[in-house]
Each structure stands twice: as C-alpha cells, then as structure tokens.
$ cat coords_34.cif   # mmCIF, C-alpha atoms
data_work
#
loop_
_atom_site.label_atom_id
_atom_site.label_comp_id
_atom_site.auth_asym_id
_atom_site.auth_seq_id
_atom_site.Cartn_x
_atom_site.Cartn_y
_atom_site.Cartn_z
CA MET A 4 74.10 116.39 74.57
CA SER A 5 75.26 118.51 71.57
CA THR A 6 77.76 121.36 71.85
CA ASN A 7 74.92 123.84 71.38
CA GLY A 8 73.02 122.13 74.18
CA ILE A 9 76.00 122.43 76.52
CA ASN A 10 76.42 126.10 75.66
CA LYS A 11 72.91 126.76 76.94
CA LEU A 12 73.97 125.73 80.44
CA PRO A 13 74.91 128.46 82.95
CA ASP A 14 78.58 129.12 83.69
CA ASP A 15 78.49 127.63 87.17
CA VAL A 16 77.25 124.31 85.76
CA LEU A 17 79.95 124.30 83.07
CA ILE A 18 82.61 125.04 85.67
CA LYS A 19 81.29 122.16 87.75
CA ILE A 20 81.61 119.89 84.69
CA LEU A 21 85.19 121.09 84.14
CA SER A 22 86.06 120.09 87.71
CA PHE A 23 85.69 116.42 86.73
CA LEU A 24 88.44 116.80 84.10
CA THR A 25 92.18 117.09 84.54
CA ILE A 26 93.56 120.61 84.38
CA LYS A 27 95.17 119.77 81.02
CA GLU A 28 91.81 118.69 79.62
CA ALA A 29 90.08 121.75 81.10
CA VAL A 30 92.56 124.13 79.43
CA ARG A 31 91.93 122.46 76.07
CA THR A 32 88.26 123.44 76.23
CA SER A 33 89.33 127.08 75.81
CA VAL A 34 89.43 126.57 72.03
CA LEU A 35 85.73 125.66 71.80
CA SER A 36 84.44 129.22 71.70
CA ARG A 37 84.98 132.73 73.04
CA ARG A 38 82.80 131.89 76.06
CA TRP A 39 84.85 128.80 76.90
CA LYS A 40 88.16 130.65 76.61
CA GLN A 41 88.08 131.90 80.19
CA LEU A 42 86.01 129.19 81.88
CA TRP A 43 88.97 126.92 82.66
CA GLN A 44 90.41 129.68 84.86
CA PHE A 45 87.60 128.97 87.33
CA PHE A 46 88.55 125.28 87.44
CA SER A 47 88.02 123.93 90.99
CA GLY A 48 89.06 120.30 90.58
CA ARG A 49 92.46 118.60 90.93
CA LEU A 50 95.55 120.56 89.88
CA ASN A 51 98.12 117.85 89.25
CA PHE A 52 101.62 119.08 88.43
CA SER A 53 103.73 115.96 88.52
CA ARG A 54 106.70 115.17 86.33
CA GLU A 55 109.35 112.54 87.02
CA ILE A 56 112.17 112.27 84.49
CA ASN A 57 114.78 109.55 84.19
CA PHE A 58 118.23 111.10 84.44
CA ASP A 59 121.71 109.61 84.47
CA HIS A 60 123.19 111.42 87.45
CA ARG A 61 126.73 110.91 86.09
CA LEU A 62 126.17 113.06 83.00
CA LYS A 63 126.66 116.81 83.01
CA SER A 64 124.26 117.03 80.08
CA ASP A 65 121.52 115.62 82.30
CA ARG A 66 122.23 118.22 84.96
CA LYS A 67 121.64 120.86 82.30
CA LYS A 68 118.50 119.02 81.27
CA LEU A 69 117.30 119.10 84.87
CA LYS A 70 117.75 122.87 84.94
CA ARG A 71 115.75 123.25 81.73
CA GLU A 72 113.00 120.97 83.00
CA SER A 73 112.87 122.87 86.30
CA SER A 74 112.32 126.13 84.42
CA ARG A 75 109.53 124.56 82.39
CA PHE A 76 107.91 123.13 85.50
CA VAL A 77 108.00 126.50 87.29
CA GLU A 78 106.61 128.26 84.23
CA ARG A 79 103.77 125.78 83.88
CA VAL A 80 102.71 125.95 87.55
CA ASN A 81 103.00 129.74 87.65
CA LYS A 82 100.93 130.15 84.52
CA VAL A 83 98.04 128.06 85.83
CA LEU A 84 98.00 129.34 89.41
CA ASN A 85 98.42 133.00 88.43
CA SER A 86 95.60 132.67 85.88
CA HIS A 87 93.26 130.92 88.26
CA GLN A 88 90.20 133.05 89.01
CA GLY A 89 88.05 130.62 90.96
CA PRO A 90 87.46 130.91 94.72
CA SER A 91 88.65 127.38 95.52
CA ILE A 92 90.83 124.42 94.52
CA ASN A 93 89.96 120.91 95.58
CA LYS A 94 93.47 119.42 95.32
CA LEU A 95 97.00 120.58 94.45
CA ARG A 96 99.71 118.04 93.71
CA LEU A 97 103.31 119.15 93.18
CA GLY A 98 105.62 116.32 92.16
CA PHE A 99 109.05 117.20 90.80
CA TYR A 100 112.69 117.62 91.83
CA LEU A 101 111.70 120.00 94.61
CA ASN A 102 115.08 121.18 95.84
CA GLU A 103 115.99 124.28 97.83
CA ASP A 104 116.56 126.23 94.62
CA LEU A 105 112.79 126.16 94.03
CA GLY A 106 111.97 127.08 97.62
CA SER A 107 110.59 130.57 96.99
CA TYR A 108 108.35 129.27 94.21
CA ILE A 109 107.03 126.40 96.34
CA ASP A 110 106.26 128.78 99.22
CA THR A 111 104.31 130.98 96.82
CA TRP A 112 102.38 128.05 95.36
CA ILE A 113 101.43 126.78 98.83
CA ASP A 114 100.32 130.28 99.83
CA ILE A 115 98.14 130.62 96.73
CA ALA A 116 96.61 127.19 97.30
CA LEU A 117 95.79 127.93 100.94
CA LYS A 118 94.22 131.25 100.02
CA LYS A 119 92.18 129.37 97.40
CA LYS A 120 90.91 127.14 100.22
CA VAL A 121 92.62 124.00 98.92
CA LYS A 122 91.39 120.83 100.64
CA LYS A 123 94.11 118.36 99.64
CA LEU A 124 97.79 119.17 99.23
CA GLU A 125 100.50 116.73 98.07
CA LEU A 126 104.18 117.69 97.96
CA ILE A 127 106.45 115.04 96.46
CA ASN A 128 110.16 115.36 95.77
CA PHE A 129 111.70 113.11 93.14
CA PRO A 130 115.39 113.37 94.17
CA PHE A 131 118.08 113.93 91.56
CA PHE A 132 121.24 112.35 92.91
CA ALA A 133 123.71 114.52 91.03
CA SER A 134 122.24 117.72 92.43
CA GLU A 135 124.22 119.37 95.19
CA LEU A 136 121.06 121.09 96.37
CA SER A 137 119.21 119.75 99.40
CA PRO A 138 115.52 118.94 99.18
CA TYR A 139 113.13 121.76 99.87
CA SER A 140 112.27 122.16 103.54
CA LEU A 141 108.80 123.16 104.63
CA SER A 142 108.88 126.09 107.02
CA GLN A 143 106.31 127.35 109.47
CA GLU A 144 105.89 130.41 107.25
CA SER A 145 104.67 128.10 104.47
CA PHE A 146 101.47 127.58 106.46
CA SER A 147 101.11 131.05 107.96
CA CYS A 148 98.53 132.28 105.48
CA THR A 149 96.14 134.63 107.31
CA THR A 150 93.14 133.13 105.52
CA ASN A 151 91.32 130.46 107.51
CA HIS A 152 92.60 127.13 106.24
CA ILE A 153 90.17 124.43 105.21
CA LEU A 154 92.98 121.99 104.39
CA THR A 155 91.83 118.46 105.24
CA SER A 156 94.64 116.33 103.75
CA LEU A 157 98.41 116.90 103.60
CA SER A 158 100.99 114.52 102.17
CA ILE A 159 104.73 115.29 102.29
CA GLU A 160 107.23 112.94 100.65
CA ASN A 161 111.04 113.19 100.58
CA LEU A 162 111.08 116.79 101.76
CA GLY A 163 112.43 118.40 104.90
CA VAL A 164 109.87 118.85 107.66
CA SER A 165 110.90 119.48 111.26
CA ASP A 166 109.14 118.62 114.50
CA GLU A 167 108.32 122.31 114.97
CA THR A 168 106.81 122.54 111.49
CA VAL A 169 104.58 119.52 112.15
CA LYS A 170 103.38 121.17 115.35
CA HIS A 171 102.71 124.43 113.51
CA ILE A 172 100.80 122.69 110.70
CA LEU A 173 98.54 120.94 113.21
CA SER A 174 97.76 124.18 115.01
CA SER A 175 97.29 126.21 111.79
CA CYS A 176 95.10 123.69 109.98
CA PRO A 177 92.23 122.96 112.40
CA LEU A 178 90.25 120.93 109.82
CA LEU A 179 93.14 118.61 108.94
CA LYS A 180 91.98 114.97 108.89
CA SER A 181 94.87 113.22 107.14
CA LEU A 182 98.62 113.73 107.54
CA GLU A 183 101.31 111.68 105.79
CA VAL A 184 105.04 112.30 106.19
CA SER A 185 107.56 110.02 104.52
CA GLU A 186 111.31 110.06 103.95
CA SER A 187 111.89 113.35 105.75
CA PRO A 188 115.53 113.75 106.85
CA GLN A 189 114.63 116.41 109.44
CA LEU A 190 111.97 114.63 111.46
CA ARG A 191 113.31 113.62 114.89
CA ASP A 192 110.71 113.53 117.67
CA PRO A 193 107.33 114.46 116.18
CA LYS A 194 104.50 115.12 118.59
CA VAL A 195 100.95 114.86 117.31
CA LEU A 196 99.11 116.29 120.27
CA GLY A 197 95.91 118.20 120.89
CA SER A 198 92.52 117.58 122.45
CA SER A 199 90.84 119.55 119.64
CA LEU A 200 92.61 117.80 116.74
CA ARG A 201 90.27 116.47 114.05
CA LEU A 202 93.03 114.28 112.64
CA LYS A 203 91.75 110.82 111.64
CA TYR A 204 94.59 109.37 109.56
CA LEU A 205 98.29 109.60 110.45
CA SER A 206 101.17 107.97 108.57
CA ILE A 207 104.89 108.40 109.29
CA SER A 208 107.27 106.29 107.24
CA ASP A 209 110.93 105.81 106.36
CA CYS A 210 112.33 108.84 108.20
CA ASP A 211 115.93 107.78 108.78
CA PHE A 212 116.74 109.98 111.78
CA ILE A 213 113.54 109.70 113.75
CA GLN A 214 114.04 109.03 117.48
CA SER A 215 110.52 108.78 118.93
CA ILE A 216 106.86 109.50 118.20
CA GLU A 217 104.19 110.79 120.55
CA VAL A 218 100.52 110.71 119.66
CA CYS A 219 97.53 112.08 121.53
CA ALA A 220 94.70 112.56 119.06
CA PRO A 221 91.16 111.81 120.27
CA ASN A 222 89.67 111.46 116.76
CA LEU A 223 92.41 109.32 115.21
CA VAL A 224 91.07 106.16 113.53
CA SER A 225 94.18 104.97 111.65
CA PHE A 226 97.89 105.17 112.49
CA LYS A 227 100.68 103.74 110.35
CA TYR A 228 104.37 103.78 111.19
CA SER A 229 107.11 102.30 109.04
CA GLY A 230 110.82 102.51 109.78
CA ARG A 231 113.37 101.54 112.36
CA GLU A 232 112.08 100.58 115.77
CA VAL A 233 111.69 103.63 117.98
CA PRO A 234 109.64 104.36 121.11
CA LEU A 235 106.01 104.97 120.20
CA HIS A 236 104.13 106.86 122.89
CA ILE A 237 100.42 106.50 122.13
CA ARG A 238 98.60 108.37 124.85
CA HIS A 239 94.97 108.96 124.02
CA VAL A 240 93.44 107.51 120.84
CA PRO A 241 90.06 106.11 121.95
CA LYS A 242 88.66 105.92 118.38
CA LEU A 243 91.63 104.12 116.80
CA LYS A 244 90.46 101.26 114.56
CA THR A 245 93.56 100.43 112.49
CA LEU A 246 97.14 100.23 113.74
CA ASP A 247 99.98 99.38 111.34
CA TYR A 248 103.52 98.89 112.72
CA ASP A 249 106.32 98.10 110.28
CA PHE A 250 109.60 97.49 112.12
CA SER A 251 110.88 95.15 109.43
CA TRP A 252 114.08 97.15 109.07
CA GLU A 253 116.94 95.19 110.55
CA ASN A 254 118.68 97.33 113.15
CA ASN A 255 120.88 97.09 116.18
CA TYR A 256 118.98 98.99 118.85
CA PRO A 257 118.58 96.45 121.67
CA ASN A 258 118.07 99.17 124.28
CA ILE A 259 114.99 100.65 122.64
CA PRO A 260 111.90 100.01 124.77
CA LEU A 261 109.80 97.23 123.36
CA ALA A 262 106.90 98.48 121.27
CA PHE A 263 104.29 96.46 123.12
CA SER A 264 105.37 97.81 126.49
CA GLU A 265 104.02 101.19 125.40
CA LEU A 266 101.04 99.69 123.64
CA SER A 267 99.98 97.79 126.74
CA ASN A 268 99.57 101.07 128.59
CA CYS A 269 97.20 102.50 126.01
CA TYR A 270 93.44 102.06 126.07
CA LEU A 271 92.30 100.99 122.57
CA PRO A 272 88.65 99.97 122.94
CA ARG A 273 87.82 100.18 119.22
CA LEU A 274 90.91 98.65 117.61
CA VAL A 275 89.68 96.32 114.85
CA THR A 276 92.75 95.74 112.65
CA LEU A 277 96.36 95.31 113.78
CA MET A 278 99.22 94.86 111.30
CA LEU A 279 102.70 93.98 112.51
CA ARG A 280 105.81 93.66 110.36
CA MET A 281 108.96 93.02 112.35
CA PRO A 282 111.96 90.68 112.78
CA PHE A 283 111.08 87.25 114.16
CA GLU A 284 113.38 87.52 117.18
CA ARG A 285 112.16 91.01 118.07
CA LEU A 286 108.53 89.93 118.18
CA ARG A 287 109.31 86.73 120.09
CA LEU A 288 111.07 88.74 122.82
CA GLN A 289 108.10 90.96 123.53
CA VAL A 290 105.08 88.82 122.81
CA ASP A 291 104.41 88.37 126.53
CA LYS A 292 103.71 92.13 126.68
CA PHE A 293 101.04 91.93 123.99
CA PRO A 294 97.92 93.58 125.50
CA LYS A 295 94.39 92.21 125.44
CA PHE A 296 92.26 93.51 122.58
CA THR A 297 88.60 92.67 123.04
CA SER A 298 87.52 94.40 119.81
CA LEU A 299 90.27 93.11 117.52
CA LYS A 300 88.90 91.29 114.46
CA HIS A 301 91.86 91.15 112.05
CA LEU A 302 95.47 90.37 112.95
CA ILE A 303 98.21 90.46 110.29
CA CYS A 304 101.78 89.44 111.12
CA LYS A 305 104.79 89.48 108.83
CA LEU A 306 107.95 88.03 110.36
CA THR A 307 111.30 88.67 108.71
CA GLY A 308 114.48 86.76 109.40
CA PHE A 309 112.63 83.58 110.39
CA ASN A 310 115.17 81.05 111.69
CA GLY A 311 113.03 77.91 111.75
CA GLU A 312 112.27 77.97 115.49
CA SER A 313 108.80 77.41 116.90
CA LEU A 314 106.06 79.87 116.01
CA LEU A 315 103.80 78.82 118.84
CA PHE A 316 104.63 81.98 120.79
CA LEU A 317 102.15 83.67 118.41
CA THR A 318 99.32 81.81 120.11
CA SER A 319 99.42 84.17 123.08
CA MET A 320 98.66 87.06 120.72
CA MET A 321 95.62 85.28 119.29
CA GLU A 322 94.40 84.31 122.75
CA ALA A 323 94.62 87.97 123.74
CA ALA A 324 92.10 88.72 120.97
CA PRO A 325 89.15 86.45 121.81
CA PHE A 326 86.92 87.81 119.01
CA LEU A 327 89.49 87.49 116.24
CA ARG A 328 87.91 86.73 112.83
CA THR A 329 90.91 86.55 110.48
CA PHE A 330 94.58 85.77 111.06
CA ASN A 331 97.15 86.43 108.33
CA LEU A 332 100.70 85.16 108.91
CA LYS A 333 103.66 85.57 106.58
CA VAL A 334 107.09 84.20 107.46
CA ASP A 335 110.18 85.14 105.47
CA GLY A 336 113.24 82.97 105.96
CA TYR A 337 115.37 80.29 104.38
CA ASN A 338 116.26 78.13 107.39
CA GLU A 339 115.47 74.42 107.32
CA ILE A 340 113.52 74.62 104.06
CA ASN A 341 114.62 71.11 103.15
CA LYS A 342 113.41 69.57 106.42
CA ILE A 343 109.88 68.55 105.50
CA CYS A 344 108.06 67.50 108.66
CA GLU A 345 106.46 64.06 108.85
CA LEU A 346 103.10 63.81 110.62
CA ARG A 347 104.34 61.01 112.84
CA GLU A 348 107.18 63.26 114.01
CA LEU A 349 104.93 66.18 114.88
CA ARG A 350 104.51 66.71 118.60
CA THR A 351 101.05 67.09 120.07
CA VAL A 352 99.73 70.62 119.79
CA GLU A 353 96.59 71.65 121.64
CA GLY A 354 94.52 74.61 120.54
CA HIS A 355 92.98 77.24 122.80
CA PRO A 356 89.26 77.42 121.87
CA ASN A 357 88.35 80.27 119.53
CA GLN A 358 84.77 80.25 118.31
CA TYR A 359 85.04 83.38 116.12
CA LEU A 360 88.09 82.71 113.92
CA LYS A 361 86.76 82.14 110.38
CA GLU A 362 89.75 82.55 108.08
CA VAL A 363 93.47 81.79 108.31
CA ILE A 364 96.08 82.78 105.71
CA MET A 365 99.66 81.57 106.03
CA THR A 366 102.30 82.33 103.43
CA GLY A 367 105.89 81.15 103.56
CA PHE A 368 104.76 77.63 104.49
CA CYS A 369 107.57 75.22 103.57
CA GLY A 370 106.53 72.14 105.53
CA ARG A 371 108.93 72.72 108.40
CA GLU A 372 108.04 71.50 111.87
CA ALA A 373 107.42 75.09 112.98
CA ASP A 374 105.05 75.61 110.02
CA ALA A 375 103.13 72.43 110.79
CA GLU A 376 102.86 73.26 114.52
CA ILE A 377 101.29 76.68 114.05
CA VAL A 378 98.88 75.42 111.37
CA THR A 379 97.85 72.55 113.63
CA TYR A 380 97.22 74.95 116.51
CA LEU A 381 95.07 77.17 114.31
CA LEU A 382 93.06 74.25 112.95
CA LYS A 383 92.42 72.83 116.40
CA SER A 384 91.56 76.11 118.08
CA ALA A 385 89.22 77.56 115.43
CA PHE A 386 86.02 75.58 115.98
CA THR A 387 84.13 77.50 113.27
CA LEU A 388 86.97 77.89 110.77
CA GLU A 389 85.60 78.21 107.25
CA ARG A 390 88.71 78.64 105.14
CA ILE A 391 92.48 78.27 105.32
CA VAL A 392 94.76 79.59 102.60
CA ILE A 393 98.36 78.42 102.41
CA GLY A 394 101.14 79.87 100.25
CA VAL A 395 104.05 77.49 99.72
CA TRP A 396 107.17 79.52 98.92
CA LEU A 397 110.17 81.24 100.47
CA ALA A 398 110.77 84.86 101.40
CA GLU A 399 109.13 87.50 99.20
CA GLY A 400 107.37 84.95 97.01
CA MET A 401 110.50 83.03 95.93
CA PRO A 402 109.59 79.45 94.99
CA ILE A 403 110.96 76.39 96.72
CA PRO A 404 112.17 73.31 94.76
CA GLU A 405 109.25 71.56 93.08
CA ALA A 406 109.77 68.29 94.99
CA ASN A 407 109.68 70.16 98.30
CA LYS A 408 106.62 72.12 97.18
CA ILE A 409 104.65 68.95 96.50
CA LYS A 410 105.62 67.48 99.88
CA ALA A 411 104.73 70.72 101.71
CA GLU A 412 101.31 70.91 100.02
CA ASN A 413 100.61 67.26 100.84
CA LEU A 414 101.53 67.92 104.48
CA ALA A 415 99.24 70.95 104.66
CA ARG A 416 96.40 68.96 103.09
CA GLN A 417 96.81 66.19 105.67
CA LEU A 418 96.88 68.68 108.53
CA VAL A 419 93.55 70.19 107.43
CA GLU A 420 91.86 66.84 106.82
CA ASN A 421 93.04 65.42 110.17
CA ASN A 422 92.23 68.46 112.32
CA ARG A 423 89.43 70.42 110.64
CA PRO A 424 87.96 68.28 107.85
CA GLY A 425 85.03 70.61 107.20
CA ALA A 426 87.19 73.63 106.36
CA GLU A 427 87.95 74.70 102.79
CA TYR A 428 91.63 74.97 101.94
CA TYR A 429 93.44 76.65 99.07
CA PHE A 430 97.02 76.87 97.88
CA LEU A 431 98.38 80.14 96.52
CA THR A 432 101.02 80.42 93.82
CA ASN A 433 102.25 83.92 94.70
CA THR A 434 101.35 86.91 96.85
CA ILE A 435 102.18 90.48 97.75
CA PHE A 436 102.01 91.30 101.43
#

$ encode --input "coords_34.cif" --output "structure tokens"
Amino acid sequence: MSTNGINKLPDDVLIKILSFLTIKEAVRTSVLSRRWKQLWQFFSGRLNFSREINFDHRLKSDRKKLKRESSRFVERVNKVLNSHQGPSINKLRLGFYLNEDLGSYIDTWIDIALKKKVKKLELINFPFFASELSPYSLSQESFSCTTNHILTSLSIENLGVSDETVKHILSSCPLLKSLEVSESPQLRDPKVLGSSLRLKYLSISDCDFIQSIEVCAPNLVSFKYSGREVPLHIRHVPKLKTLDYDFSWENNYPNIPLAFSELSNCYLPRLVTLMLRMPFERLRLQVDKFPKFTSLKHLICKLTGFNGESLLFLTSMMEAAPFLRTFNLKVDGYNEINKICELRELRTVEGHPNQYLKEVIMTGFCGREADAEIVTYLLKSAFTLERIVIGVWLAEGMPIPEANKIKAENLARQLVENNRPGAEYYFLTNTIF
C-alpha cells in the first residue's frame, strides 16, 4: 500500500497499526506529515524503556556517567508518558538502575500506567555495585491508584517488595493472572491467598532472605519456586498443572521440613508436569514422602552433588505416577567417573511395569554402576518405550575423557539392545537443562 493509500485510512486504524511497532519506531512516523505528527501520542502498544550499561564500579568517572545516564533515562520516560494521549497502554517495561534516588519518578510512572489501564508491567533493576543507594522498593501506595486496575501481568526483578506489598498488589489488582518476583531482598514470608484470585502463573525466585511461602489460589495453573529450601505451604490449588521446584542451592538447613511432606498433604488432581532440581542427598532423604500423582505425565529431575550411589530410589517416584509419559533425569557429579560398569558385574534390576512411559532422557550418564542400574530399570519397566536419549558428559555439560566416553556409549547401547531392543536410542553431545 502506498503512503497516499495509508493516509486515506481513519486515525483509529493508523493508531492500531502503530501499536505493532516499537515506541521508537512509532515516534519516527511523526515526520511523515502534519497528520502523523501527533498520532504516535495515541500509541497503545508496548512501551519498552530498557537500558543496561556496562560500568566499571571502581571508577569515579563511571559513577558520574551513571548519573548522566539516569537523567537521560528519566527525561526519556517522562517525555513519552507525559505526551501520551491514548486511553490505554498494553505493556510498560522499565529496565534501568532503579535505585531509591529514582523512587518518586518510578511511583509516578506506575501511577500513569495504571491510570492508562496498562495490562502488563515489568520493573527490572540492573544493579550498579558502586552505588551507595539501595534498590527502589515498591510500596503499597504505588498500586493505590483509584482507577480500576486491569493489570493482568506483573514482573518485579531485583527490587524491594515486602510481604505486605505483595498482599496489597493481589487485593488491588483483581484481574492479575501472572506474578513474578525475583531477587527481592525484602521478601520474607509471602502469602498468596484468596478464594477470588484469578492468578494463574506464580514465580518466586532467588530471594535470599525468604523464610516460607504460602499459596492458596484456586485458579493457579503454574507455580515456580527457585532458591534455598524453605517450607512451601500449598493449600488449595486444584487447577495446578505445572510445578517447578528448584532447591539446587547448597545450604545447611537440615531442620527445614521436607518439601514433599507438605506436598503430600495437597490435593493436585490436574498436575501434569513436575520439575525438581535439588541436591542428590536431599531428594534421597524424602523420596518416601513423594505423593501419588495420577495425572502426572512429565517428570523432570535434576540432581546436583551426585556422589555415585544408587539412583534406584527414584523408582518410587515413577511408580507413584502410573500414567507417566516422559522421564527426564540429569545427574551432576564427578564421583566414580572412571569406574565404567561391566555388564557382567551389574546386579539384577527388575522393573515395575509401566505401560505409558514413551520417552526417557538421561544426561550425565558416565557408565557408572548407578547409571547402568537406573537405565536398566527404565528399559525393563517401560513396556511401550519408543525412545531413549542419553547424554554422556559430566556436570553442566563438561565432557568426560574420550576413552571413557566411548566405553559409556557402548555400555548404554548394550543396555538398550539387551533390555528393550525395539526402542530407538540417541546420544547427545551437549545440553542445557
């Protein structure tokens, strides 16, 4: 379509077209003609203000540079938001060194966005280590706009957010469906509670001082937690389909209640995918408390600190999920990597029948006896197994010596051919879990 053809379109259509551009591209259209000069001010798409700069925190000159860049960032955001004439904004993303010195500006920007009926809000702090200023802390007043909120998605990264603020956000944003909080130094005992919550996606990660989490959200379909192991009180989540626990941080909290002891008390009739990342010993200690999941289809386990001991304790988890379709196991550890198991030395391993398991993925296979045992169990138990994928390397994708690699692959090949000859098998060269 020619420029003249576009100019024949009504303003509301042109504004709709602008919403598919970035704000920078939309502003550039103002030079096209007198009519276009003001159209960008009705932009309703994604306002992305994100700028991360590489500083050397040891240099005073860079601290001055940070101050200059902060002024430019504030000026840019103010100019766009104060010029905005449209009734709504789809998404606002603020990514910068959002310290307490910018607090009043950030509060104003959030207030404008909420009044403009923003649907998605992302607040990301890129910390500057030389700064003596603390990161900006969200307050309850930040979300006290009198206009009815239609916010559906909120992401907060590396900023202060307290338990009380989380509670206030949930009560003030009745349409909120997604909440992500990461690296908040103020979060202690967040409670995500409410029979009327519409929240579907919840993620809490890497909050160093967190002590516990309580969740009661009837519409929640996905919950992800990453950090040190803390009590997780999941009370009422009947629609939960995906659960992701990452306790892979090494810590010394032996008195913390085992995660599965809480999980076993929760009714999860629709759970389809379960992801677990945790130290080998920690999982082994609590596997007997693993609850029965009759709807579970996909189980993913990453074990850190593997010491070479038997992995057969994992079989009780698979037997507790009788309709399991895929099982993905990754073991990270350096113990006994030079002890390649011989088939004649392998003890007899019987498999518990599983007629639904179709695919098995194991990475970190080094040919140890423990590796061979768990693979043998899986091959014998999965009557309808279609594919097994094996990654031969050490922790985090580090390769093992070539001679060991060849022996480990030969062992895996023999295990498949002896126990499930009809299954396809593949060897991976690297992976990201």

$ resolve_selection --input "coords_34.cif" --expression "the PyMOL selection byres ((chain A and resi 246) around 8)" --output "PyMOL selection string"
chain A and resi 225-227+243-245+247-248+274+276-278

$ resolve_selection --input "coords_34.cif" --expression "the PyMOL selection byres ((chain A and resi 334) around 12)" --output "VMD selection string"
chain A and resid 251 279 to 283 303 to 314 331 to 333 335 to 338 364 to 369 371 373 to 374 377 393 to 400 436

$ closest_residue --input "coords_34.cif" --among "A:Val77, A:Leu157, A:Leu117, A:Leu271" --to "Asp104 (chain A)" --atoms "all atoms listed in the file"
A:Val77

$ closest_residue --input "coords_34.cif" --among "A:Leu302, A:Ile216, A:Ile153, A:Leu288" --to "Asp166 (chain A)" --atoms "all atoms listed in the file"
A:Ile216

$ resolve_selection --input "coords_34.cif" --expression "the PyMOL selection byres ((chain A and resi 54) around 10)" --output "list in words"
Asn51, Phe52, Ser53, Glu55, Ile56, Glu72, Ser73, Phe76, Leu97, Gly98, Phe99, Tyr100 and Phe129 of chain A

$ write_last_selection --input "coords_34.cif" --atoms "C-alpha atoms" --output "PDB file, in the coordinates of the input"
ATOM      1  CA  ASN A  51      98.120 117.850  89.250  1.00  0.00           C
ATOM      2  CA  PHE A  52     101.620 119.080  88.430  1.00  0.00           C
ATOM      3  CA  SER A  53     103.730 115.960  88.520  1.00  0.00           C
ATOM      4  CA  GLU A  55     109.350 112.540  87.020  1.00  0.00           C
ATOM      5  CA  ILE A  56     112.170 112.270  84.490  1.00  0.00           C
ATOM      6  CA  GLU A  72     113.000 120.970  83.000  1.00  0.00           C
ATOM      7  CA  SER A  73     112.870 122.870  86.300  1.00  0.00           C
ATOM      8  CA  PHE A  76     107.910 123.130  85.500  1.00  0.00           C
ATOM      9  CA  LEU A  97     103.310 119.150  93.180  1.00  0.00           C
ATOM     10  CA  GLY A  98     105.620 116.320  92.160  1.00  0.00           C
ATOM     11  CA  PHE A  99     109.050 117.200  90.800  1.00  0.00           C
ATOM     12  CA  TYR A 100     112.690 117.620  91.830  1.00  0.00           C
ATOM     13  CA  PHE A 129     111.700 113.110  93.140  1.00  0.00           C
TER      14      PHE A 129
END
